[in-house]
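The file model.txt contains compact mmCIF, C-alpha atoms (C1' of nucleotides):
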```
# COMPACT_ATOMS: atom_id res chain seq x y z
CA MET E 97 -16.60 -50.84 15.19
CA LYS E 98 -15.95 -48.24 17.85
CA CYS E 99 -12.69 -47.49 19.54
CA LYS E 100 -12.00 -50.02 22.18
CA VAL E 101 -9.78 -49.26 25.11
CA LYS E 102 -7.32 -52.07 25.22
CA LYS E 103 -5.70 -53.12 28.41
CA LEU E 104 -2.67 -50.97 28.89
CA ASP E 105 -1.31 -52.04 32.21
CA SER E 106 -0.68 -49.14 34.50
CA ARG E 107 2.08 -51.26 35.92
CA LYS E 108 4.18 -50.18 32.99
CA PHE E 109 3.85 -46.67 34.25
CA THR E 110 4.91 -47.80 37.70
CA ASP E 111 7.94 -49.47 36.18
CA TYR E 112 8.88 -46.35 34.29
CA ILE E 113 8.49 -44.17 37.34
CA ARG E 114 10.67 -46.47 39.36
CA ALA E 115 13.31 -46.87 36.68
CA LYS E 116 13.61 -43.10 36.49
CA GLY E 117 13.89 -42.78 40.24
CA LEU E 118 10.68 -40.77 40.30
CA LYS E 119 7.92 -40.96 42.84
CA HIS E 120 4.41 -42.17 42.84
CA SER E 121 1.61 -40.04 44.05
CA LYS E 122 -2.13 -40.26 44.43
CA LYS E 123 -2.63 -37.60 41.85
CA ARG E 124 -0.45 -39.22 39.26
CA ARG E 125 -2.21 -42.46 39.76
CA ALA E 126 -5.57 -40.76 39.47
CA ILE E 127 -4.61 -39.07 36.22
CA VAL E 128 -3.20 -42.23 34.72
CA LYS E 129 -6.28 -44.14 35.79
CA PHE E 130 -8.58 -41.66 34.10
CA PHE E 131 -6.41 -41.49 31.08
CA LEU E 132 -6.50 -45.24 30.61
CA LYS E 133 -10.11 -45.64 31.54
CA LYS E 134 -11.72 -42.95 29.47
CA ASP E 135 -12.39 -43.16 25.79
CA LEU E 136 -9.37 -42.43 23.67
CA HIS E 137 -8.21 -39.16 22.14
CA LEU E 138 -8.91 -36.88 25.02
CA SER E 139 -7.73 -33.32 24.96
CA VAL E 140 -5.90 -32.11 28.02
CA ASP E 141 -8.85 -29.96 28.84
CA GLU E 142 -11.35 -32.77 28.62
CA LEU E 143 -9.22 -34.98 30.80
CA TYR E 144 -8.71 -32.19 33.28
CA ARG E 145 -12.42 -31.50 33.66
CA GLU E 146 -13.15 -35.18 33.97
CA ILE E 147 -10.59 -35.64 36.70
CA LYS E 148 -11.59 -32.46 38.43
CA GLU E 149 -14.98 -33.91 39.27
CA THR E 150 -13.61 -36.56 41.57
CA ASN E 151 -10.23 -35.01 42.34
CA PRO E 152 -10.88 -31.29 42.47
CA GLU E 153 -7.51 -30.54 44.01
CA ILE E 154 -5.58 -31.55 40.90
CA GLY E 155 -4.16 -28.67 38.87
CA TYR E 156 -3.80 -28.14 35.17
CA SER E 157 -0.04 -28.31 35.17
CA THR E 158 -0.05 -31.64 36.91
CA VAL E 159 -2.20 -33.10 34.17
CA TYR E 160 0.16 -31.75 31.57
CA ARG E 161 3.19 -32.97 33.40
CA THR E 162 1.78 -36.42 33.91
CA LEU E 163 0.74 -36.75 30.30
CA LYS E 164 4.19 -35.72 29.27
CA LEU E 165 5.54 -38.37 31.55
CA LEU E 166 3.34 -40.92 29.84
CA VAL E 167 4.66 -39.80 26.49
CA ASP E 168 8.24 -40.02 27.74
CA ALA E 169 7.53 -43.51 28.98
CA ARG E 170 6.21 -44.32 25.52
CA LEU E 171 2.83 -45.16 26.93
CA ALA E 172 1.01 -42.35 25.16
CA THR E 173 1.26 -40.24 22.04
CA GLU E 174 0.30 -36.69 21.42
CA ARG E 175 -1.73 -35.77 18.38
CA LYS E 176 -3.35 -32.72 16.91
CA PHE E 177 -6.42 -33.00 14.79
CA GLY E 178 -7.17 -29.72 13.10
CA ASP E 179 -8.08 -27.90 16.29
CA LYS E 180 -5.27 -26.31 18.19
CA SER E 181 -5.26 -28.32 21.36
CA ALA E 182 -3.30 -31.52 21.81
CA ARG E 183 -4.95 -34.87 22.25
CA PHE E 184 -3.35 -37.85 23.90
CA GLU E 185 -3.97 -41.49 23.41
CA PRO E 186 -2.49 -44.65 24.92
CA ILE E 187 0.03 -46.46 22.77
CA HIS E 188 -0.52 -50.09 21.99
CA PRO E 189 2.96 -50.96 20.87
CA GLU E 190 2.06 -53.86 18.63
CA GLU E 191 -0.46 -51.97 16.58
CA HIS E 192 -0.32 -48.85 14.48
CA HIS E 193 -3.53 -47.21 13.37
CA ASP E 194 -4.87 -44.17 11.59
CA HIS E 195 -7.92 -42.03 12.15
CA LEU E 196 -11.27 -41.15 10.68
CA ILE E 197 -12.46 -37.84 12.08
CA CYS E 198 -16.01 -36.57 11.79
CA ILE E 199 -15.96 -32.88 10.96
CA LYS E 200 -19.45 -32.44 12.35
CA CYS E 201 -19.53 -34.21 15.72
CA GLY E 202 -15.82 -34.70 16.27
CA ARG E 203 -16.05 -38.45 16.63
CA ILE E 204 -12.76 -40.19 16.10
CA ILE E 205 -12.54 -43.73 14.82
CA GLU E 206 -9.41 -45.78 14.43
CA PHE E 207 -8.63 -47.96 11.48
CA THR E 208 -5.78 -49.85 9.93
CA ASN E 209 -5.15 -50.72 6.33
CA ASP E 210 -2.17 -52.79 5.34
CA GLN E 211 -2.45 -51.97 1.69
CA ILE E 212 -2.15 -48.29 2.36
CA GLU E 213 0.87 -48.92 4.54
CA LYS E 214 2.53 -50.86 1.76
CA LEU E 215 1.83 -48.16 -0.77
CA GLN E 216 3.39 -45.64 1.56
CA GLN E 217 6.58 -47.63 1.66
CA GLN E 218 6.46 -47.69 -2.09
CA VAL E 219 6.17 -43.92 -2.21
CA GLY E 220 9.13 -43.72 0.15
CA ARG E 221 11.22 -45.85 -2.16
CA LYS E 222 10.30 -43.74 -5.13
CA TYR E 223 11.59 -40.57 -3.49
CA ASN E 224 14.50 -42.23 -1.74
CA PHE E 225 13.02 -41.53 1.65
CA ARG E 226 13.43 -43.83 4.57
CA ILE E 227 10.01 -43.53 6.12
CA ILE E 228 9.94 -43.74 9.88
CA ARG E 229 6.36 -42.91 10.66
CA HIS E 230 3.31 -41.44 9.07
CA LYS E 231 0.10 -39.70 9.77
CA LEU E 232 -3.07 -40.42 7.88
CA GLU E 233 -6.25 -38.65 8.79
CA LEU E 234 -9.50 -38.94 6.89
CA TYR E 235 -11.94 -36.13 7.53
CA GLY E 236 -15.61 -36.38 6.67
CA TYR E 237 -19.07 -37.09 7.98
CA CYS E 238 -19.71 -40.16 10.11
CA ASP E 239 -22.75 -42.36 9.57
CA LYS E 240 -24.82 -40.56 12.22
CA CYS E 241 -24.03 -37.10 10.93
CA ARG E 242 -24.69 -38.12 7.34
CA LYS E 243 -28.20 -39.06 8.30
CA LYS E 244 -28.79 -35.82 10.12
CA GLU E 245 -27.58 -33.84 7.10
CA ARG E 246 -30.69 -34.38 5.05
CA MET X 96 11.80 -34.11 -8.14
CA LYS X 97 11.61 -30.99 -6.09
CA CYS X 98 8.55 -28.91 -5.33
CA LYS X 99 7.74 -26.76 -8.27
CA VAL X 100 5.83 -23.55 -7.90
CA LYS X 101 3.03 -23.72 -10.39
CA LYS X 102 1.53 -20.63 -11.87
CA LEU X 103 -1.13 -19.41 -9.54
CA ASP X 104 -2.38 -16.26 -11.08
CA SER X 105 -2.40 -13.37 -8.66
CA ARG X 106 -5.29 -12.06 -10.67
CA LYS X 107 -7.49 -14.47 -8.77
CA PHE X 108 -6.55 -12.62 -5.66
CA THR X 109 -7.43 -9.35 -7.32
CA ASP X 110 -10.80 -10.79 -8.26
CA TYR X 111 -11.46 -11.95 -4.76
CA ILE X 112 -10.49 -8.63 -3.28
CA ARG X 113 -12.79 -6.81 -5.64
CA ALA X 114 -15.69 -9.18 -5.19
CA LYS X 115 -15.48 -8.66 -1.47
CA GLY X 116 -15.36 -4.92 -1.81
CA LEU X 117 -11.91 -4.89 -0.29
CA LYS X 118 -8.98 -2.78 -1.32
CA HIS X 119 -5.68 -3.41 -2.92
CA SER X 120 -2.53 -2.13 -1.41
CA LYS X 121 1.15 -2.22 -2.13
CA LYS X 122 1.75 -4.29 0.93
CA ARG X 123 -0.85 -6.85 0.10
CA ARG X 124 0.51 -7.18 -3.35
CA ALA X 125 4.03 -7.53 -2.02
CA ILE X 126 3.01 -10.27 0.38
CA VAL X 127 1.06 -12.16 -2.24
CA LYS X 128 3.94 -11.82 -4.66
CA PHE X 129 6.39 -13.26 -2.17
CA PHE X 130 4.00 -15.95 -1.15
CA LEU X 131 3.54 -17.12 -4.72
CA LYS X 132 7.14 -16.69 -5.69
CA LYS X 133 8.88 -18.38 -2.82
CA ASP X 134 9.19 -22.08 -2.41
CA LEU X 135 6.11 -23.69 -0.92
CA HIS X 136 5.28 -24.45 2.67
CA LEU X 137 6.53 -21.29 4.26
CA SER X 138 5.83 -20.55 7.87
CA VAL X 139 4.46 -17.13 8.64
CA ASP X 140 7.72 -16.26 10.24
CA GLU X 141 9.80 -17.31 7.26
CA LEU X 142 7.60 -15.35 4.92
CA TYR X 143 7.69 -12.34 7.21
CA ARG X 144 11.48 -12.26 7.39
CA GLU X 145 11.73 -12.73 3.66
CA ILE X 146 9.39 -9.85 2.97
CA LYS X 147 10.99 -7.68 5.61
CA GLU X 148 14.21 -7.51 3.64
CA THR X 149 12.71 -5.61 0.76
CA ASN X 150 9.63 -4.18 2.50
CA PRO X 151 10.79 -3.43 6.02
CA GLU X 152 7.69 -1.42 6.82
CA ILE X 153 5.37 -4.43 6.67
CA GLY X 154 4.20 -5.73 10.02
CA TYR X 155 3.56 -9.19 11.31
CA SER X 156 -0.17 -8.80 11.58
CA THR X 157 -0.45 -7.70 7.99
CA VAL X 158 1.23 -10.87 6.88
CA TYR X 159 -1.15 -12.90 8.97
CA ARG X 160 -4.13 -10.99 7.75
CA THR X 161 -3.16 -11.30 4.13
CA LEU X 162 -2.49 -15.01 4.43
CA LYS X 163 -5.85 -15.44 6.04
CA LEU X 164 -7.36 -13.56 3.15
CA LEU X 165 -5.67 -15.93 0.75
CA VAL X 166 -7.12 -18.84 2.65
CA ASP X 167 -10.57 -17.27 2.59
CA ALA X 168 -10.21 -16.78 -1.13
CA ARG X 169 -9.32 -20.48 -1.39
CA LEU X 170 -5.98 -19.61 -2.87
CA ALA X 171 -3.97 -21.03 0.00
CA THR X 172 -4.21 -23.65 2.69
CA GLU X 173 -2.85 -23.71 6.17
CA ARG X 174 -0.99 -26.75 7.44
CA LYS X 175 0.88 -27.82 10.49
CA PHE X 176 3.67 -30.30 10.27
CA GLY X 177 4.66 -31.45 13.72
CA ASP X 178 6.08 -28.10 14.77
CA LYS X 179 3.74 -25.60 16.29
CA SER X 180 3.74 -22.87 13.71
CA ALA X 181 1.42 -22.77 10.73
CA ARG X 182 2.65 -23.16 7.20
CA PHE X 183 0.84 -21.90 4.15
CA GLU X 184 0.90 -23.13 0.62
CA PRO X 185 -0.83 -22.07 -2.57
CA ILE X 186 -3.75 -24.22 -3.65
CA HIS X 187 -3.72 -25.69 -7.10
CA PRO X 188 -7.38 -26.51 -7.39
CA GLU X 189 -7.06 -29.29 -9.91
CA GLU X 190 -4.52 -31.25 -7.95
CA HIS X 191 -4.45 -32.70 -4.47
CA HIS X 192 -1.18 -33.86 -3.03
CA ASP X 193 0.34 -35.22 0.15
CA HIS X 194 3.70 -34.68 1.78
CA LEU X 195 6.95 -36.37 2.57
CA ILE X 196 8.69 -34.57 5.40
CA CYS X 197 12.33 -35.07 6.31
CA ILE X 198 12.67 -35.21 10.08
CA LYS X 199 16.31 -34.23 9.84
CA CYS X 200 16.51 -31.26 7.47
CA GLY X 201 12.85 -30.34 7.29
CA ARG X 202 12.63 -30.68 3.54
CA ILE X 203 9.09 -31.09 2.30
CA ILE X 204 8.30 -32.96 -0.89
CA GLU X 205 4.92 -33.30 -2.47
CA PHE X 206 3.56 -36.47 -3.96
CA THR X 207 0.35 -37.99 -5.20
CA ASN X 208 -0.76 -41.57 -5.29
CA ASP X 209 -4.05 -42.52 -6.81
CA GLN X 210 -4.06 -45.99 -5.36
CA ILE X 211 -3.82 -44.63 -1.84
CA GLU X 212 -6.66 -42.23 -2.58
CA LYS X 213 -8.82 -45.08 -3.74
CA LEU X 214 -8.06 -47.16 -0.70
CA GLN X 215 -9.03 -44.22 1.47
CA GLN X 216 -12.43 -44.09 -0.17
CA GLN X 217 -12.72 -47.78 0.49
CA VAL X 218 -11.97 -47.25 4.16
CA GLY X 219 -14.61 -44.53 4.22
CA ARG X 220 -17.18 -46.88 2.80
CA LYS X 221 -16.33 -49.55 5.31
CA TYR X 222 -17.05 -47.22 8.22
CA ASN X 223 -19.92 -45.42 6.58
CA PHE X 224 -18.02 -42.19 6.46
CA ARG X 225 -18.39 -39.69 3.69
CA ILE X 226 -14.81 -38.56 3.33
CA ILE X 227 -14.37 -34.95 2.39
CA ARG X 228 -10.66 -34.50 2.68
CA HIS X 229 -7.63 -36.17 4.12
CA LYS X 230 -4.18 -35.58 5.35
CA LEU X 231 -1.32 -37.94 4.68
CA GLU X 232 2.13 -37.12 5.90
CA LEU X 233 5.10 -39.45 5.63
CA TYR X 234 7.94 -38.62 7.99
CA GLY X 235 11.42 -39.98 7.51
CA TYR X 236 14.88 -39.27 6.20
CA CYS X 237 15.33 -37.82 2.73
CA ASP X 238 17.99 -39.12 0.37
CA LYS X 239 20.53 -36.47 1.37
CA CYS X 240 20.07 -37.02 5.07
CA ARG X 241 20.21 -40.78 4.71
CA LYS X 242 23.66 -40.48 3.21
CA LYS X 243 24.85 -38.21 5.95
CA GLU X 244 23.60 -40.63 8.59
CA ARG X 245 26.38 -43.16 8.11
C1' DG T 282 -14.43 12.05 1.66
C1' DT T 283 -15.40 7.56 3.16
C1' DA T 284 -14.10 3.14 4.18
C1' DT T 285 -10.60 -0.18 4.38
C1' DA T 286 -5.61 -1.41 5.44
C1' DT T 287 -1.92 -1.08 8.54
C1' DG T 288 1.15 -0.87 12.68
C1' DC T 289 1.58 -1.27 17.19
C1' DA T 290 0.67 -2.90 21.45
C1' DA T 291 -2.19 -5.44 23.93
C1' DA T 292 -5.18 -9.59 24.33
C1' DC T 293 -5.71 -14.31 23.80
C1' DT T 294 -5.01 -19.58 23.74
C1' DG T 295 -2.67 -23.55 24.69
C1' DT T 296 1.34 -24.97 26.99
C1' DT T 297 5.46 -24.68 30.02
C1' DT T 298 8.21 -23.13 33.97
C1' DG T 299 9.89 -21.21 38.57
C1' DC T 300 9.21 -21.23 43.13
C1' DT T 301 7.27 -22.46 47.46
C1' DT T 302 4.79 -25.88 49.82
C1' DT T 303 3.31 -30.63 50.23
C1' DG T 304 3.95 -35.49 49.87
C1' DT T 305 6.60 -39.81 49.09
C1' DT T 306 10.24 -42.72 50.17
C1' DA K 150 15.80 -36.07 56.18
C1' DA K 151 16.12 -35.68 51.35
C1' DC K 152 14.20 -35.03 47.22
C1' DA K 153 10.42 -35.21 43.99
C1' DA K 154 5.42 -33.66 43.08
C1' DA K 155 1.93 -30.21 42.93
C1' DG K 156 -0.22 -25.67 43.00
C1' DC K 157 -0.17 -21.27 41.62
C1' DA K 158 1.03 -17.58 39.06
C1' DA K 159 3.76 -15.98 35.85
C1' DA K 160 6.20 -16.81 31.41
C1' DC K 161 5.94 -18.28 26.89
C1' DA K 162 4.97 -18.90 21.63
C1' DG K 163 2.02 -18.39 18.06
C1' DT K 164 -1.85 -15.96 16.67
C1' DT K 165 -5.55 -12.45 16.82
C1' DT K 166 -7.63 -7.98 17.86
C1' DG K 167 -8.64 -2.90 19.03
C1' DC K 168 -7.63 1.39 17.97
C1' DA K 169 -5.50 5.41 15.98
C1' DT K 170 -3.47 6.62 11.65
C1' DA K 171 -2.29 5.97 6.74
C1' DT K 172 -3.87 4.64 2.30
C1' DA K 173 -6.92 3.34 -1.49
C1' DC K 174 -10.80 4.31 -4.09
```
What does the file become when written as structure tokens?
Amino acid sequence: MKCKVKKLDSRKFTDYIRAKGLKHSKKRRAIVKFFLKKDLHLSVDELYREIKETNPEIGYSTVYRTLKLLVDARLATERKFGDKSARFEPIHPEEHHDHLICIKCGRIIEFTNDQIEKLQQQVGRKYNFRIIRHKLELYGYCDKCRKKER
Amino acid sequence: MKCKVKKLDSRKFTDYIRAKGLKHSKKRRAIVKFFLKKDLHLSVDELYREIKETNPEIGYSTVYRTLKLLVDARLATERKFGDKSARFEPIHPEEHHDHLICIKCGRIIEFTNDQIEKLQQQVGRKYNFRIIRHKLELYGYCDKCRKKER
DNA sequence: GTATATGCAAACTGTTTGCTTTGTT
DNA sequence: AACAAAGCAAACAGTTTGCATATAC
């Protein structure tokens, strides 16, 4: 099961922009479109290059600023997997998920596991923590890279 | 249960240094001493300031370089919790642990949970991943900060 | 004495910001 | 017309590096 891009209506972005009294622009729309369309977990750089091909007049800072806007609007989250650069992914409010990351090819797969979630709550109780969110990342070799290994 | 600093023999560092044909120095020893002595999960900056008080002639880059050396020697690991700066902690080879992080006061508590570990392996199997390592961080409010909240 | 360690300043990377110009409403 | 967006360059934070000097062996 690969990552599927779920429908995240760009209308939500429009709503947010309006509610904030901000303005729409071609470039913003282009960035949001790419962001939603492309496979998940893009780094800013990847997204920038991608966009650059069809919209060469868009600058780096605009990409950053728009992604930040998406995060503010709670339509995206920022993550860092090992490497130093930030990766953004659309939020699907109903569903939380964690990540499998291939340390060879960089592939990122999402998964969920209710049992793990429950055990985390249990850990929280044990230490008197009120757990708000968590991060679980499993690093290893994906099926393809395992085959190549030997 | 607070983080306890377990005995991590600085002799291992000595061994590593020798094996690599590198040299000992007062400063290195001082840094390693502080690193092992102080509570875990120090940022470079925290460690630097700490050391500076008794060894004001030690520079930032030396701290970095020595920490890197510790990582190379597999005596420390580098982590990033949300904030941008790296934190280092001694490795205790026999034992893997995860972290509870208080989003109010920044307190970091270590924990282990075998059941979660097992479930992670299960997830790996499901997706045909060979899991090498993982990162689990639970963010929330610690007991002290929960009380203060209301 | 030779080679490594260190300090300093400078380089570097990813990200953010200030300012002027351009675009949206 | 008014005000936000975008581009560019410059600022920034954390980290790394080059080089001359100090230190360890």
Nearest to Ala182 (chain E), chosen from E:Leu196, E:Val128, E:Ile204, E:Val140, with all atoms listed in the file counted in the distances: E:Val140
Nearby residues (all atoms listed in the file) at most 10 Å from His191 (chain X), same-chain spacing under 5 positions excluded, as a list in words: Ile186, Glu205, Phe206, Thr207, Asn208, Glu212, Arg228 and His229 of chain X
Per-residue nearest contacts of chain E to chain T (8 Å; all atoms listed in the file) as JSON lines:
```
{"residue": "E:Lys119", "atom": "CA", "partner": "T:DT305", "partner_atom": "C1'", "distance": 6.5}
{"residue": "E:His120", "atom": "CA", "partner": "T:DT305", "partner_atom": "C1'", "distance": 7.0}
{"residue": "E:Ser121", "atom": "CA", "partner": "T:DT305", "partner_atom": "C1'", "distance": 7.1}
{"residue": "E:Lys180", "atom": "CA", "partner": "T:DG295", "partner_atom": "C1'", "distance": 7.5}
{"residue": "E:Ser181", "atom": "CA", "partner": "T:DG295", "partner_atom": "C1'", "distance": 6.4}
```
Chain K residues near chain E (10 Å cut-off, all atoms listed in the file) as a ChimeraX atom specification: /K:152-157
Chain X contacts on chain E, all atoms listed in the file, 7 Å, as a list in words: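 So the contacting residues turn out to be Ile212, Leu215, Asn224, Phe225, Arg226, Ile227, Ile228, Arg229, His230, Lys231, Leu232, Glu233, Leu234, Tyr235, Gly236, Tyr237, Cys238 and Asp239 of chain E.
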Residues near region 146-149 of chain E, cut-off 8 Å, all atoms listed in the file, skip fewer than 3 positions along chain, as a PyMOL selection string: chain E and resi 126-127+130+142-143+152-154
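You will find CA of Lys128 (chain X) at 11.9 Å from CA of Thr109 (chain X).
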Atomic separation - CA of Lys243 (chain X) relative to CA of Gly201 (chain X), Å: 14.4 Å
Atomic separation - CA of Asp178 (chain X) relative to C1' of DA162 (chain K), Å: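 According to the coordinates, C1' of DA162 (chain K) and CA of Asp178 (chain X) are separated by 11.5 Å.
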Where's the centre, and what are the edge lengths in Å to one decimal, of a box along x, y and z enclosing all listed atoms of region 291-305 of chain T padded 6 Å per side, as lines of an AutoDock Vina configuration file?
```
center_x = 2.1
center_y = -22.6
center_z = 37.0
size_x = 27.6
size_y = 46.4
size_z = 38.5
```
